[in-house]
Structures are given as structure tokens and as C-alpha cells.
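Text of the file final_8.txt, holding compact mmCIF, C-alpha atoms:
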# COMPACT_ATOMS: atom_id res chain seq x y z
CA MET A 18 -7.16 -12.76 -71.78
CA THR A 19 -7.94 -15.64 -74.12
CA GLN A 20 -11.63 -16.49 -74.32
CA TYR A 21 -12.53 -20.17 -73.97
CA GLN A 22 -15.87 -21.52 -75.16
CA THR A 23 -18.30 -22.69 -72.50
CA GLY A 24 -22.02 -23.30 -72.43
CA LYS A 25 -24.65 -20.90 -71.11
CA ARG A 26 -25.02 -19.86 -67.49
CA ILE A 27 -28.58 -20.80 -66.57
CA THR A 28 -30.79 -19.85 -63.65
CA GLY A 29 -33.57 -22.37 -63.10
CA TYR A 30 -33.12 -25.46 -60.93
CA GLN A 31 -31.94 -28.55 -62.81
CA PRO A 32 -32.68 -31.88 -61.08
CA ASP A 33 -29.98 -33.82 -62.95
CA TYR A 34 -26.51 -32.33 -62.81
CA VAL A 35 -22.80 -32.78 -62.09
CA VAL A 36 -21.14 -30.71 -59.37
CA PHE A 37 -17.44 -30.18 -60.02
CA ASP A 38 -14.53 -28.41 -58.36
CA LEU A 39 -10.84 -27.88 -59.08
CA GLU A 40 -7.86 -27.16 -56.90
CA THR A 41 -5.03 -25.29 -58.60
CA THR A 42 -1.58 -23.85 -58.04
CA GLY A 43 -2.97 -20.30 -58.27
CA ILE A 44 -5.73 -18.11 -59.66
CA SER A 45 -4.59 -17.56 -63.26
CA CYS A 46 -5.78 -20.11 -65.81
CA GLU A 47 -3.05 -18.86 -68.15
CA LYS A 48 -0.16 -19.34 -65.72
CA ASP A 49 -1.31 -21.86 -63.10
CA SER A 50 -2.09 -25.58 -63.17
CA ILE A 51 -4.82 -27.95 -61.99
CA ILE A 52 -3.69 -30.19 -59.11
CA GLU A 53 -7.00 -31.82 -58.18
CA ILE A 54 -10.21 -32.42 -60.07
CA SER A 55 -13.37 -33.85 -58.55
CA ALA A 56 -17.04 -34.19 -59.40
CA LEU A 57 -20.20 -35.87 -58.25
CA LYS A 58 -23.23 -36.80 -60.30
CA ALA A 59 -26.69 -36.26 -58.84
CA GLY A 60 -30.30 -36.80 -59.78
CA SER A 61 -33.26 -35.32 -57.90
CA GLY A 62 -31.03 -34.50 -54.93
CA VAL A 63 -29.40 -37.94 -54.67
CA VAL A 64 -25.69 -38.45 -55.40
CA THR A 65 -25.28 -41.39 -57.78
CA ASP A 66 -21.57 -41.37 -58.68
CA THR A 67 -18.28 -39.59 -57.89
CA PHE A 68 -15.00 -38.81 -59.63
CA SER A 69 -11.85 -37.58 -57.91
CA THR A 70 -8.13 -37.53 -58.59
CA LEU A 71 -5.03 -35.57 -57.72
CA VAL A 72 -3.07 -34.31 -60.73
CA ASN A 73 0.68 -33.98 -61.15
CA PRO A 74 1.26 -30.42 -62.45
CA LYS A 75 4.90 -31.12 -63.39
CA ARG A 76 5.90 -28.09 -61.34
CA ALA A 77 6.35 -27.15 -57.69
CA ILE A 78 3.17 -26.21 -55.85
CA PRO A 79 3.51 -22.72 -54.35
CA TYR A 80 3.49 -22.47 -50.58
CA GLY A 81 0.42 -20.21 -50.69
CA ALA A 82 -1.61 -22.79 -52.61
CA THR A 83 -0.65 -25.53 -50.17
CA GLN A 84 -1.73 -23.29 -47.29
CA VAL A 85 -5.20 -23.07 -48.86
CA ASN A 86 -5.87 -26.63 -50.01
CA GLY A 87 -3.31 -28.70 -48.11
CA ILE A 88 -2.00 -30.35 -51.29
CA THR A 89 1.79 -30.81 -51.32
CA ASP A 90 4.39 -31.77 -53.92
CA GLU A 91 4.74 -35.17 -52.23
CA MET A 92 1.00 -35.85 -52.58
CA VAL A 93 1.00 -35.30 -56.34
CA ALA A 94 4.39 -36.86 -57.12
CA ASP A 95 2.84 -40.16 -58.24
CA ALA A 96 -0.47 -38.71 -59.44
CA PRO A 97 -1.43 -38.94 -63.14
CA LEU A 98 -0.87 -36.08 -65.56
CA LEU A 99 -3.82 -33.92 -66.57
CA GLN A 100 -3.77 -35.14 -70.18
CA ASP A 101 -4.22 -38.69 -68.90
CA VAL A 102 -7.20 -38.03 -66.61
CA LEU A 103 -9.00 -35.25 -68.48
CA PRO A 104 -10.64 -37.54 -71.07
CA GLU A 105 -12.05 -39.69 -68.25
CA PHE A 106 -13.35 -36.61 -66.46
CA LEU A 107 -15.02 -35.25 -69.60
CA GLU A 108 -16.63 -38.64 -70.15
CA PHE A 109 -17.88 -38.55 -66.56
CA ILE A 110 -19.59 -35.16 -66.94
CA GLY A 111 -20.94 -35.99 -70.40
CA GLY A 112 -23.52 -33.46 -71.54
CA ASN A 113 -24.88 -32.82 -68.06
CA VAL A 114 -25.52 -29.38 -66.62
CA LEU A 115 -22.54 -28.43 -64.46
CA VAL A 116 -22.92 -26.93 -61.00
CA GLY A 117 -20.10 -25.23 -59.10
CA HIS A 118 -19.20 -22.26 -56.92
CA ASN A 119 -17.59 -19.35 -58.76
CA ILE A 120 -17.06 -21.56 -61.81
CA HIS A 121 -18.15 -18.77 -64.18
CA THR A 122 -14.90 -16.86 -63.64
CA PHE A 123 -12.60 -19.57 -62.30
CA ASP A 124 -13.03 -23.35 -62.64
CA LEU A 125 -14.62 -23.30 -66.10
CA ARG A 126 -11.78 -21.20 -67.48
CA PHE A 127 -9.19 -23.71 -66.23
CA LEU A 128 -11.24 -26.63 -67.55
CA ALA A 129 -11.98 -25.08 -70.95
CA LYS A 130 -8.34 -24.10 -71.47
CA ALA A 131 -7.10 -27.59 -70.60
CA ALA A 132 -9.68 -29.30 -72.81
CA ARG A 133 -8.80 -27.13 -75.80
CA GLU A 134 -5.03 -27.24 -75.44
CA LEU A 135 -4.61 -30.88 -74.43
CA LEU A 136 -7.46 -32.53 -76.34
CA GLY A 137 -8.60 -30.02 -78.95
CA ARG A 138 -12.08 -30.10 -77.42
CA GLU A 139 -14.51 -27.46 -76.21
CA VAL A 140 -16.53 -27.63 -72.98
CA SER A 141 -20.02 -26.64 -74.07
CA ASN A 142 -22.04 -27.78 -71.03
CA ASP A 143 -24.59 -25.33 -69.69
CA TYR A 144 -23.90 -24.51 -66.07
CA ILE A 145 -25.23 -23.08 -62.81
CA ASP A 146 -22.90 -20.97 -60.68
CA THR A 147 -23.99 -21.24 -57.05
CA LEU A 148 -22.25 -17.94 -56.26
CA TYR A 149 -24.82 -16.09 -58.39
CA MET A 150 -27.57 -18.33 -57.05
CA ALA A 151 -26.59 -17.46 -53.46
CA ARG A 152 -26.60 -13.73 -54.15
CA ARG A 153 -30.20 -14.04 -55.35
CA CYS A 154 -31.43 -16.42 -52.65
CA LEU A 155 -29.53 -14.98 -49.69
CA PRO A 156 -29.24 -11.22 -50.32
CA ASP A 157 -28.55 -10.44 -46.66
CA LEU A 158 -25.55 -12.73 -46.34
CA GLN A 159 -22.37 -10.72 -45.76
CA HIS A 160 -19.99 -13.10 -47.49
CA TYR A 161 -20.55 -15.67 -50.24
CA LYS A 162 -17.68 -18.12 -49.96
CA LEU A 163 -18.78 -21.75 -50.18
CA THR A 164 -17.96 -22.23 -46.50
CA ASP A 165 -20.20 -19.24 -45.66
CA LEU A 166 -23.12 -20.87 -47.48
CA ALA A 167 -22.46 -24.21 -45.79
CA ALA A 168 -22.32 -22.56 -42.37
CA TYR A 169 -25.60 -20.75 -43.08
CA PHE A 170 -27.31 -24.05 -43.92
CA GLN A 171 -25.56 -25.84 -41.03
CA ILE A 172 -23.71 -28.15 -43.40
CA ASN A 173 -20.45 -29.70 -42.18
CA THR A 174 -17.44 -27.82 -43.61
CA LYS A 175 -14.79 -30.35 -42.56
CA GLY A 176 -12.36 -30.91 -45.40
CA ALA A 177 -13.11 -27.59 -47.11
CA HIS A 178 -10.81 -26.64 -50.00
CA ARG A 179 -10.29 -30.22 -51.09
CA ALA A 180 -12.15 -30.69 -54.35
CA LEU A 181 -14.43 -33.64 -53.54
CA GLU A 182 -15.41 -32.27 -50.13
CA ASP A 183 -16.22 -28.92 -51.74
CA CYS A 184 -18.40 -30.77 -54.27
CA ARG A 185 -20.30 -32.47 -51.46
CA MET A 186 -20.77 -29.19 -49.61
CA ASN A 187 -21.89 -27.38 -52.73
CA GLN A 188 -24.32 -30.11 -53.76
CA ALA A 189 -26.06 -29.81 -50.39
CA CYS A 190 -26.10 -26.00 -50.62
CA TYR A 191 -27.46 -26.14 -54.18
CA GLU A 192 -30.40 -28.28 -53.10
CA LYS A 193 -31.11 -25.99 -50.11
CA MET A 194 -31.03 -22.89 -52.31
CA ALA A 195 -33.30 -24.55 -54.86
CA LEU A 196 -36.02 -24.59 -52.20
CA LEU A 197 -35.46 -20.90 -51.48
CA GLN A 198 -35.43 -20.06 -55.17
CA LYS A 199 -38.99 -21.37 -55.52
CA GLU A 200 -40.09 -18.47 -53.32
CA ILE A 201 -38.25 -15.86 -55.38
CA SER A 202 -39.59 -14.40 -58.59
CA VAL A 203 -36.80 -14.86 -61.14
CA ASP A 204 -37.41 -13.69 -64.69
CA VAL A 205 -36.05 -16.43 -66.95
CA CYS A 206 -35.09 -16.06 -70.61
CA PRO A 207 -37.48 -18.15 -72.75
CA VAL A 208 -34.66 -18.90 -75.22
CA CYS A 209 -31.77 -20.15 -73.04
CA SER A 210 -33.07 -20.24 -69.42
CA GLY A 211 -30.63 -17.54 -68.35
CA GLU A 212 -31.70 -14.75 -66.01
CA LEU A 213 -33.28 -11.63 -67.52
CA VAL A 214 -31.71 -8.44 -66.21
CA LYS A 215 -33.19 -4.94 -66.43
CA ARG A 216 -30.95 -2.57 -68.39
CA ASN A 217 -31.02 0.93 -69.80
CA GLY A 218 -30.75 1.35 -73.55
CA LYS A 219 -31.05 4.01 -76.21
CA PHE A 220 -34.85 3.73 -76.16
CA GLY A 221 -35.28 3.31 -72.42
CA GLU A 222 -35.37 0.37 -70.03
CA PHE A 223 -35.51 -3.19 -71.31
CA TYR A 224 -34.86 -6.76 -70.11
CA GLY A 225 -31.84 -8.46 -71.61
CA CYS A 226 -30.51 -11.98 -71.17
CA SER A 227 -27.58 -12.33 -68.78
CA ASN A 228 -25.99 -14.70 -71.32
CA PHE A 229 -25.42 -11.88 -73.81
CA PRO A 230 -23.68 -12.00 -76.30
CA HIS A 231 -24.36 -15.77 -76.57
CA CYS A 232 -28.08 -15.05 -76.25
CA ARG A 233 -29.47 -11.76 -77.54
CA TYR A 234 -33.05 -12.08 -76.31
CA THR A 235 -34.59 -8.79 -75.13
CA ARG A 236 -38.02 -7.71 -73.94
CA ASN A 237 -39.54 -4.27 -73.55
CA ALA A 238 -39.65 -3.44 -69.85
CA ARG A 239 -42.93 -1.54 -70.05
CA LYS A 240 -44.78 -4.49 -71.58
CA SER A 241 -43.87 -6.74 -68.63
CA GLU A 242 -44.72 -4.36 -65.79

Can you give me the file's structure in the form of C-alpha cells?
Amino acid sequence: MTQYQTGKRITGYQPDYVVFDLETTGISCEKDSIIEISALKAGSGVVTDTFSTLVNPKRAIPYGATQVNGITDEMVADAPLLQDVLPEFLEFIGGNVLVGHNIHTFDLRFLAKAARELLGREVSNDYIDTLYMARRCLPDLQHYKLTDLAAYFQINTKGAHRALEDCRMNQACYEKMALLQKEISVDVCPVCSGELVKRNGKFGEFYGCSNFPHCRYTRNARKSE
């Protein structure tokens, strides 16, 4: 699989950020297309601006995708093409930290591929994936879909699987988990703010940055315990 440049996945709470979400025709960034792109900008827990548009993928939307997100061929027939709206979206996110659910392995790959192929640009924003955040903050939760998190925090899930509604849900979940994260001891990399993870190496246990190979910071485990 082609590797697309992104920023670093970080751990600590960021008060100023952009939550974003994509809806697509499928799960492969190499074969499938973006059909909706949405984002909201927030500062200190308050939403200050939003961005949302359907996208014409120039192909039929598979039945299975429509069953998930409710987006049909008719809905996108008069929507703009991705190359026409992507510059506006990238301007909207600017250099802000991005927040999203499962973006590490899904949304960011679609976004980075589109930015490179259509505009010759890289998406270098650092980001927080709320899926990883949820696994740390809510270790006893059985499932970690965005709707599971919203239900746990008693956040309205109406409109789930449409991009802007998912952004709104995730923004509320992110702020709730930020409060929980304050009570959890998370070892943060002093170089890139990623999470330090205990690993076994040739010379014994050590802490390494979860952003390896982008960040190669390590620390002797015995010195920190």
C-alpha cells in the first residue's frame, strides 16, 4: 500500500482543533472515493465554524455504502468535484491539529491521497485519533465505534454516519474524554507529544514513542520506574 505523508499522532489534549470526517464509497483509499467531507473548528470546547459538502465521485455509489451513510447517486449528482472543494477544505483546516475517529487508518489516508494526487500537496497536520483516546480513557467499553462513545456519554446519535453530524458527535466525545484523560497517567514524548509505549528490545525494556519511525525518542524503562 502506498504511504501518504501525514503529521504526528499526538496524545495530549489540544484546546484549539478541527474535527473532520469523510464519507466514502468504500474502505479502500486506493480504490474508493470521497462522497462527503465535513469539519468543524473549535476553541476551548466551543465550535466557531463549520465546513460541509457532498462530493460527486464521478462513479456510482455502491448499495452497501448507501446503506451505511444514506448518500445516494441522486444526492451527489449536482455536487462539486473533489478537486474543486479540496483546496477550500485544506484552507479551512489550515495548520490546526486535526481530531477524528479512526482517522489514523482511514480518513487521513483518503485525505492525504487526494491532496497529493489532485493538488500535489501533503497533509502534515498533527492529529488526535479519538479511537485511541477512547481505548485509554474507557478501557472497559466493549465496543469503540463513535456511536458507542456517544451513547456512553449520553450524546444524541441522530444523523450518525453523515459527516457533519459525526463531527459534532465526536467533538462532544473528545471534550468529555479530555476530562477523563486528566485523571489518567499518560507518559508523553517530550519531543513530539506522542504517547510513550513500553517495549522490549535487545537490551531489555524501554519506552519508545508511538510515532516511530517519525519520532525515534526512547527512554530507559528502569530509569523511569

Next item on the list: Between A:Gly87, A:Pro156, A:Gly112, A:Gly176, single out the one closest to Ser141 in chain A, counting all atoms listed in the file.
Entry: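 Among A:Gly87, A:Pro156, A:Gly112, A:Gly176, it is A:Gly112 that comes nearest to Ser141 in chain A.
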
Next item on the list: Would you please work out which residue, of A:Leu155, A:Ile145, A:Thr41, A:Ala131, is nearest to Glu212 in chain A when using only C-alpha atoms?
Entry: A:Ile145

Item checked: Shell around Leu158 in chain A at 12 Å using all atoms listed in the file, local window under 3 positions removed, as a list in words ->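 These residues fall inside the cut-off: Leu148, Ala151, Arg152, Arg153, Cys154, Leu155, Tyr161, Lys162, Leu163, Asp165, Leu166, Ala167, Ala168, Tyr169 and Phe170 of chain A.
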
Notebook entry, point to check: Hey, what's within 12 Å of Glu105 in chain A if we count only C-alpha atoms and toss same-chain stuff fewer than 6 positions away? As a ChimeraX atom specification, please?
Noted result: /A:54-56,68-70,97,99,111,132,136

Margin query: I'd like the interatomic distance between CA of Phe229 in chain A and CA of Val214 in chain A, to a tenth of an Å.
Written below: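 Between CA of Phe229 in chain A and CA of Val214 in chain A the gap works out to 10.4 Å.
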
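The closest residue to Thr42 in chain A, picked from A:Tyr191, A:Tyr21, A:Phe127, A:Phe109 and counting all atoms listed in the file, is A:Phe127.
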
Kindly assemble as a Markdown table a list of the range 18-114 of chain A residues that lie within 12 Å of range 199-210 of chain A, each paired with its nearest atom pair and their distance in Å to one decimal, using all atoms listed in the file, sorted first by chain and then by ascending residue number.
| residue | atom | partner | partner_atom | distance |
| --- | --- | --- | --- | --- |
| A:Gly24 | CA | A:Cys209 | CA | 10.3 |
| A:Lys25 | CA | A:Cys209 | CA | 7.4 |
| A:Arg26 | CA | A:Ser210 | CA | 8.3 |
| A:Ile27 | CA | A:Ser210 | CA | 5.3 |
| A:Thr28 | CA | A:Ser210 | CA | 6.2 |
| A:Gly29 | CA | A:Ser210 | CA | 6.7 |
| A:Tyr30 | CA | A:Lys199 | CA | 9.0 |
| A:Gln31 | CA | A:Ser210 | CA | 10.7 |

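Among A:Thr65, A:Gln188, A:Asn113, A:Thr89, the residue with the shortest atom-to-atom distance to Asp38 in chain A, counting all atoms listed in the file, is A:Gln188.
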